[in-house]
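Next comes protein_0.tsv, a file with TSV, N, CA and C atoms.
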```tsv
chain	number	residue	atom	x	y	z
A	227	MET	N	115.54	67.46	105.65
A	227	MET	CA	115.00	68.74	105.23
A	227	MET	C	115.06	69.73	106.38
A	228	GLY	N	115.54	70.90	106.07
A	228	GLY	CA	115.61	71.94	107.08
A	228	GLY	C	114.34	72.77	107.10
A	229	LYS	N	114.44	73.91	107.68
A	229	LYS	CA	113.31	74.82	107.73
A	229	LYS	C	113.07	75.42	106.35
A	230	PRO	N	111.83	75.77	106.06
A	230	PRO	CA	111.56	76.41	104.77
A	230	PRO	C	112.18	77.81	104.74
A	231	ASP	N	112.62	78.22	103.56
A	231	ASP	CA	113.26	79.52	103.41
A	231	ASP	C	112.20	80.60	103.21
A	232	THR	N	111.93	81.33	104.27
A	232	THR	CA	110.92	82.39	104.21
A	232	THR	C	111.53	83.77	104.42
A	233	ARG	N	112.84	83.86	104.32
A	233	ARG	CA	113.51	85.14	104.58
A	233	ARG	C	113.05	86.23	103.62
A	234	ARG	N	112.88	85.87	102.35
A	234	ARG	CA	112.46	86.86	101.36
A	234	ARG	C	111.07	87.40	101.71
A	235	LEU	N	110.16	86.50	102.07
A	235	LEU	CA	108.81	86.93	102.43
A	235	LEU	C	108.81	87.71	103.74
A	236	ASP	N	109.61	87.27	104.69
A	236	ASP	CA	109.68	87.99	105.96
A	236	ASP	C	110.17	89.42	105.76
A	237	LYS	N	111.15	89.59	104.88
A	237	LYS	CA	111.68	90.92	104.60
A	237	LYS	C	110.62	91.78	103.89
A	238	ALA	N	109.88	91.17	102.95
A	238	ALA	CA	108.84	91.92	102.25
A	238	ALA	C	107.72	92.32	103.20
A	239	ILE	N	107.34	91.43	104.11
A	239	ILE	CA	106.31	91.75	105.10
A	239	ILE	C	106.77	92.90	105.98
A	240	GLN	N	108.04	92.86	106.37
A	240	GLN	CA	108.58	93.92	107.22
A	240	GLN	C	108.58	95.27	106.49
A	241	GLN	N	108.92	95.26	105.20
A	241	GLN	CA	108.94	96.50	104.44
A	241	GLN	C	107.54	97.08	104.27
A	242	VAL	N	106.57	96.21	103.97
A	242	VAL	CA	105.21	96.69	103.78
A	242	VAL	C	104.63	97.18	105.10
A	243	THR	N	105.01	96.55	106.21
A	243	THR	CA	104.56	97.01	107.52
A	243	THR	C	105.13	98.40	107.81
A	244	ARG	N	106.38	98.62	107.42
A	244	ARG	CA	106.98	99.95	107.57
A	244	ARG	C	106.22	100.99	106.75
A	245	LYS	N	105.84	100.60	105.53
A	245	LYS	CA	105.07	101.51	104.67
A	245	LYS	C	103.72	101.82	105.29
A	246	LEU	N	103.08	100.79	105.87
A	246	LEU	CA	101.78	100.99	106.49
A	246	LEU	C	101.88	101.96	107.67
A	247	ASP	N	102.91	101.81	108.48
A	247	ASP	CA	103.11	102.74	109.59
A	247	ASP	C	103.32	104.17	109.08
A	248	ALA	N	104.06	104.29	107.97
A	248	ALA	CA	104.30	105.62	107.39
A	248	ALA	C	103.00	106.23	106.87
A	249	VAL	N	102.15	105.41	106.26
A	249	VAL	CA	100.87	105.93	105.76
A	249	VAL	C	99.99	106.36	106.93
A	250	ARG	N	100.02	105.61	108.01
A	250	ARG	CA	99.23	105.99	109.19
A	250	ARG	C	99.75	107.28	109.82
A	251	ASN	N	101.03	107.58	109.61
A	251	ASN	CA	101.61	108.84	110.08
A	251	ASN	C	101.50	109.94	109.03
A	252	ARG	N	100.79	109.66	107.95
A	252	ARG	CA	100.55	110.62	106.85
A	252	ARG	C	101.83	111.07	106.16
A	253	GLU	N	102.75	110.12	105.95
A	253	GLU	CA	103.95	110.41	105.17
A	253	GLU	C	103.66	110.08	103.70
A	254	MET	N	104.25	110.83	102.80
A	254	MET	CA	103.93	110.70	101.38
A	254	MET	C	104.73	109.61	100.65
A	255	TRP	N	105.89	109.22	101.15
A	255	TRP	CA	106.78	108.36	100.37
A	255	TRP	C	106.22	106.99	100.03
A	256	PRO	N	105.35	106.36	100.84
A	256	PRO	CA	104.89	105.04	100.43
A	256	PRO	C	103.70	105.05	99.47
A	257	LEU	N	103.17	106.22	99.15
A	257	LEU	CA	102.01	106.29	98.26
A	257	LEU	C	102.40	105.99	96.82
A	258	ASP	N	101.49	105.34	96.09
A	258	ASP	CA	101.74	105.17	94.66
A	258	ASP	C	101.30	106.44	93.94
A	259	GLY	N	101.49	106.47	92.64
A	259	GLY	CA	101.25	107.70	91.88
A	259	GLY	C	99.81	108.19	91.95
A	260	ARG	N	98.86	107.28	91.83
A	260	ARG	CA	97.45	107.65	91.85
A	260	ARG	C	97.07	108.25	93.20
A	261	GLU	N	97.52	107.61	94.26
A	261	GLU	CA	97.21	108.10	95.61
A	261	GLU	C	97.89	109.44	95.88
A	262	ARG	N	99.11	109.57	95.43
A	262	ARG	CA	99.85	110.83	95.62
A	262	ARG	C	99.15	111.98	94.89
A	263	ARG	N	98.71	111.71	93.66
A	263	ARG	CA	97.99	112.74	92.89
A	263	ARG	C	96.69	113.13	93.58
A	264	ALA	N	95.98	112.14	94.16
A	264	ALA	CA	94.72	112.43	94.84
A	264	ALA	C	94.95	113.31	96.06
A	265	VAL	N	95.99	113.00	96.84
A	265	VAL	CA	96.28	113.80	98.03
A	265	VAL	C	96.69	115.22	97.63
A	266	LEU	N	97.59	115.34	96.69
A	266	LEU	CA	98.06	116.66	96.28
A	266	LEU	C	96.95	117.47	95.60
A	267	GLY	N	96.09	116.77	94.84
A	267	GLY	CA	94.95	117.47	94.22
A	267	GLY	C	93.97	117.97	95.27
A	268	GLY	N	93.73	117.17	96.29
A	268	GLY	CA	92.86	117.61	97.38
A	268	GLY	C	93.44	118.79	98.13
A	269	LEU	N	94.76	118.75	98.34
A	269	LEU	CA	95.41	119.88	99.01
A	269	LEU	C	95.30	121.16	98.18
A	270	ALA	N	95.52	121.01	96.87
A	270	ALA	CA	95.44	122.19	96.01
A	270	ALA	C	94.02	122.74	95.97
A	271	THR	N	93.04	121.85	95.84
A	271	THR	CA	91.65	122.29	95.81
A	271	THR	C	91.25	122.94	97.13
A	272	GLY	N	91.66	122.31	98.23
A	272	GLY	CA	91.33	122.88	99.54
A	272	GLY	C	91.95	124.23	99.76
A	273	SER	N	93.21	124.38	99.36
A	273	SER	CA	93.86	125.69	99.56
A	273	SER	C	93.23	126.76	98.68
A	274	TYR	N	92.81	126.38	97.48
A	274	TYR	CA	92.14	127.34	96.58
A	274	TYR	C	90.82	127.78	97.20
A	275	ARG	N	90.06	126.82	97.74
A	275	ARG	CA	88.77	127.14	98.32
A	275	ARG	C	88.92	127.97	99.60
A	276	VAL	N	90.00	127.75	100.34
A	276	VAL	CA	90.25	128.56	101.54
A	276	VAL	C	90.50	130.01	101.15
A	277	THR	N	91.30	130.21	100.11
A	277	THR	CA	91.59	131.59	99.69
A	277	THR	C	90.33	132.28	99.17
A	278	ARG	N	89.39	131.51	98.64
A	278	ARG	CA	88.12	132.08	98.17
A	278	ARG	C	87.10	132.23	99.28
A	279	GLY	N	87.42	131.65	100.45
A	279	GLY	CA	86.50	131.76	101.57
A	279	GLY	C	85.38	130.73	101.54
A	280	ASN	N	85.57	129.64	100.84
A	280	ASN	CA	84.54	128.61	100.73
A	280	ASN	C	84.86	127.41	101.62
A	281	SER	N	83.95	126.49	101.68
A	281	SER	CA	84.11	125.28	102.50
A	281	SER	C	85.10	124.31	101.84
A	282	THR	N	85.88	123.64	102.68
A	282	THR	CA	86.87	122.68	102.16
A	282	THR	C	86.46	121.23	102.44
A	283	ALA	N	85.19	121.00	102.75
A	283	ALA	CA	84.74	119.67	103.16
A	283	ALA	C	84.99	118.62	102.07
A	284	ARG	N	84.71	118.95	100.83
A	284	ARG	CA	84.89	117.98	99.75
A	284	ARG	C	86.36	117.63	99.55
A	285	ALA	N	87.22	118.63	99.62
A	285	ALA	CA	88.66	118.38	99.48
A	285	ALA	C	89.19	117.54	100.63
A	286	GLU	N	88.70	117.80	101.84
A	286	GLU	CA	89.12	117.00	102.99
A	286	GLU	C	88.67	115.55	102.85
A	287	ARG	N	87.46	115.35	102.36
A	287	ARG	CA	86.98	113.98	102.14
A	287	ARG	C	87.82	113.26	101.08
A	288	LYS	N	88.21	113.99	100.05
A	288	LYS	CA	89.03	113.40	98.99
A	288	LYS	C	90.39	112.98	99.54
A	289	ILE	N	90.98	113.82	100.36
A	289	ILE	CA	92.28	113.51	100.96
A	289	ILE	C	92.14	112.31	101.90
A	290	ASP	N	91.11	112.32	102.73
A	290	ASP	CA	90.90	111.20	103.66
A	290	ASP	C	90.67	109.88	102.93
A	291	SER	N	89.92	109.92	101.83
A	291	SER	CA	89.67	108.68	101.09
A	291	SER	C	90.95	108.18	100.40
A	292	ALA	N	91.81	109.11	99.98
A	292	ALA	CA	93.08	108.70	99.38
A	292	ALA	C	93.97	108.00	100.42
A	293	TRP	N	94.05	108.56	101.63
A	293	TRP	CA	94.83	107.92	102.69
A	293	TRP	C	94.23	106.57	103.06
A	294	GLN	N	92.91	106.50	103.11
A	294	GLN	CA	92.25	105.24	103.47
A	294	GLN	C	92.49	104.18	102.40
A	295	SER	N	92.47	104.57	101.13
A	295	SER	CA	92.71	103.59	100.07
A	295	SER	C	94.16	103.09	100.11
A	296	ALA	N	95.09	103.95	100.44
A	296	ALA	CA	96.49	103.53	100.57
A	296	ALA	C	96.64	102.55	101.72
A	297	GLU	N	95.98	102.84	102.83
A	297	GLU	CA	96.04	101.95	103.99
A	297	GLU	C	95.41	100.60	103.68
A	298	THR	N	94.29	100.61	102.99
A	298	THR	CA	93.62	99.37	102.60
A	298	THR	C	94.49	98.54	101.67
A	299	ARG	N	95.14	99.21	100.72
A	299	ARG	CA	96.01	98.50	99.78
A	299	ARG	C	97.17	97.83	100.51
A	300	LEU	N	97.77	98.52	101.45
A	300	LEU	CA	98.91	97.96	102.17
A	300	LEU	C	98.49	96.84	103.11
A	301	VAL	N	97.33	96.96	103.74
A	301	VAL	CA	96.83	95.88	104.60
A	301	VAL	C	96.57	94.63	103.78
A	302	ALA	N	95.99	94.80	102.59
A	302	ALA	CA	95.74	93.65	101.72
A	302	ALA	C	97.05	93.02	101.24
A	303	GLU	N	98.05	93.84	100.98
A	303	GLU	CA	99.35	93.32	100.56
A	303	GLU	C	100.01	92.52	101.68
A	304	ILE	N	99.91	93.01	102.91
A	304	ILE	CA	100.46	92.28	104.06
A	304	ILE	C	99.75	90.94	104.21
A	305	ALA	N	98.43	90.95	104.08
A	305	ALA	CA	97.66	89.71	104.23
A	305	ALA	C	98.05	88.70	103.16
A	306	ALA	N	98.25	89.16	101.93
A	306	ALA	CA	98.64	88.25	100.85
A	306	ALA	C	100.04	87.67	101.10
A	307	LEU	N	100.97	88.50	101.56
A	307	LEU	CA	102.32	88.01	101.84
A	307	LEU	C	102.32	87.01	103.00
A	308	GLN	N	101.51	87.27	104.02
A	308	GLN	CA	101.45	86.35	105.15
A	308	GLN	C	100.80	85.02	104.74
A	309	ALA	N	99.79	85.08	103.87
A	309	ALA	CA	99.16	83.85	103.38
A	309	ALA	C	100.16	83.03	102.56
A	310	GLU	N	100.96	83.70	101.76
A	310	GLU	CA	101.99	83.01	100.97
A	310	GLU	C	103.03	82.37	101.89
A	311	ARG	N	103.39	83.05	102.94
A	311	ARG	CA	104.36	82.50	103.90
A	311	ARG	C	103.79	81.24	104.57
A	312	VAL	N	102.52	81.30	104.97
A	312	VAL	CA	101.87	80.14	105.59
A	312	VAL	C	101.84	78.97	104.61
A	313	ARG	N	101.56	79.25	103.34
A	313	ARG	CA	101.51	78.19	102.34
A	313	ARG	C	102.87	77.51	102.18
A	314	ILE	N	103.93	78.31	102.16
A	314	ILE	CA	105.28	77.75	102.01
A	314	ILE	C	105.63	76.88	103.22
A	315	VAL	N	105.31	77.36	104.42
A	315	VAL	CA	105.61	76.59	105.63
A	315	VAL	C	104.81	75.28	105.64
A	316	ASN	N	103.53	75.34	105.24
A	316	ASN	CA	102.72	74.13	105.20
A	316	ASN	C	103.21	73.13	104.16
A	317	ASP	N	103.62	73.63	103.00
A	317	ASP	CA	104.16	72.73	101.97
A	317	ASP	C	105.43	72.03	102.46
A	318	ALA	N	106.27	72.77	103.16
A	318	ALA	CA	107.50	72.17	103.68
A	318	ALA	C	107.17	71.12	104.75
A	319	ALA	N	106.17	71.40	105.57
A	319	ALA	CA	105.78	70.43	106.60
A	319	ALA	C	105.19	69.18	105.97
A	320	LYS	N	104.39	69.32	104.91
A	320	LYS	CA	103.83	68.16	104.21
A	320	LYS	C	104.94	67.32	103.59
A	321	ALA	N	105.91	67.99	102.98
A	321	ALA	CA	107.01	67.26	102.36
A	321	ALA	C	107.83	66.52	103.41
A	322	LYS	N	108.04	67.15	104.55
A	322	LYS	CA	108.79	66.51	105.61
A	322	LYS	C	108.03	65.30	106.16
A	323	ALA	N	106.72	65.44	106.33
A	323	ALA	CA	105.91	64.33	106.84
A	323	ALA	C	105.87	63.19	105.83
A	324	ALA	N	105.78	63.51	104.54
A	324	ALA	CA	105.76	62.48	103.52
A	324	ALA	C	107.10	61.74	103.46
A	325	LYS	N	108.18	62.46	103.61
A	325	LYS	CA	109.49	61.83	103.59
A	325	LYS	C	109.65	60.93	104.81
A	326	LYS	N	109.17	61.37	105.94
A	326	LYS	CA	109.29	60.59	107.17
A	326	LYS	C	108.44	59.32	107.11
A	327	SER	N	107.24	59.43	106.55
A	327	SER	CA	106.33	58.28	106.51
A	327	SER	C	106.72	57.30	105.41
A	328	SER	N	107.50	57.72	104.44
A	328	SER	CA	107.85	56.82	103.35
A	328	SER	C	109.01	55.89	103.71
A	329	SER	N	109.71	56.19	104.77
A	329	SER	CA	110.83	55.33	105.14
A	329	SER	C	110.30	54.08	105.83
A	330	TRP	N	111.07	53.02	105.80
A	330	TRP	CA	110.60	51.74	106.37
A	330	TRP	C	110.78	51.72	107.86
A	331	TRP	N	111.53	52.60	108.40
A	331	TRP	CA	111.86	52.59	109.82
A	331	TRP	C	110.76	53.20	110.55
```

Would you mind writing the file out in structure tokens?
Amino acid sequence: MGKPDTRRLDKAIQQVTRKLDAVRNREMWPLDGRERRAVLGGLATGSYRVTRGNSTARAERKIDSAWQSAETRLVAEIAALQAERVRIVNDAAKAKAAKKSSSWW
């Protein structure tokens, strides 16, 4: 038995890490539809309130919470992918140990 095939998971972890870095840099492309709508809605509300001369605190909080939820979602996705990778590696190690111990030599 060779090494377990984790290339697919490694690539997915790398992609999600790239998305997380983009979210931390406040780029819009990795956001899902709900998060994108929340950010754009906060921007629209804030710009409307600025033109009226009012406070934009609520709109800023809405935008910040949308970015935070996107970051939380991506961190959880990375953790799930890494846990799956660990499970695959452990299963392969168990199978290798079982095969080795079952031989008479």

Problem set entry | Residue list (alpha helix (DSSP H), DSSP) for chain A, as a ChimeraX atom specification | /A:233-250,259-278,283-328

Exercise. Looking at A:Asp231, A:Asp236, A:Glu297, A:Glu286, which one is nearest to Val249 in chain A, with distances taken over all atoms listed in the file?
Worked result: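 Closest to Val249 in chain A, using all atoms listed in the file: A:Glu297.
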
For this session: Using only N, CA and C atoms, determine which residues lie at most 7 Å from range 268-272 of chain A, disregarding the query and same-chain residues fewer than 6 positions distant; provide the list as a PyMOL selection string.
Result: chain A and resi 281-282+284-286+288-289

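Using only N, CA and C atoms, the shortest contact distance between Ile314 in chain A and any of A:Arg287, A:Val265, A:Thr232, A:Val301 is found at A:Thr232.
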
Problem set entry | Surrounding residues of Ala296 in chain A excluding itself and chain neighbours under 6 positions, 12 Å, only C-alpha atoms, as a list in words | Val242, Lys245, Leu246, Asp247, Ala248, Val249, Arg250, Arg252, Glu253, Met254, Trp255, Pro256, Leu257, Asp258, Gly259, Arg260, Glu261, Arg262, Ala264, Val265, Ile289, Asp290, Ala302 and Glu303 of chain A

Just need the box for range 257-273 of chain A, edges along x, y and z, holding every atom the file lists for it with 8 Å tacked onto each side, so centre and edge lengths in Å to one decimal, as JSON.
```
{"center_x": 97.2, "center_y": 116.0, "center_z": 95.8, "size_x": 27.9, "size_y": 37.6, "size_z": 23.9}
```

Exercise. So how many Å separate CA of Leu235 in chain A and CA of Val312 in chain A, to one decimal?
Worked result: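 Spanning CA of Leu235 in chain A to CA of Val312 in chain A is a straight-line distance of 10.2 Å.
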
Seminar exercise, completed: What separates CA of Arg233 in chain A and CA of Thr298 in chain A is a distance of 24.5 Å

Exercise. To one decimal place, how far is CA of Val315 in chain A from atom C of Arg234 in chain A in Å?
Worked result: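 Calculated distance between CA of Val315 in chain A and atom C of Arg234 in chain A is 12.7 Å.
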
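With distances restricted to only C-alpha atoms, A:Ile304 is the closest residue to Gln240 in chain A from A:Arg311, A:Asp317, A:Lys322, A:Ile304.
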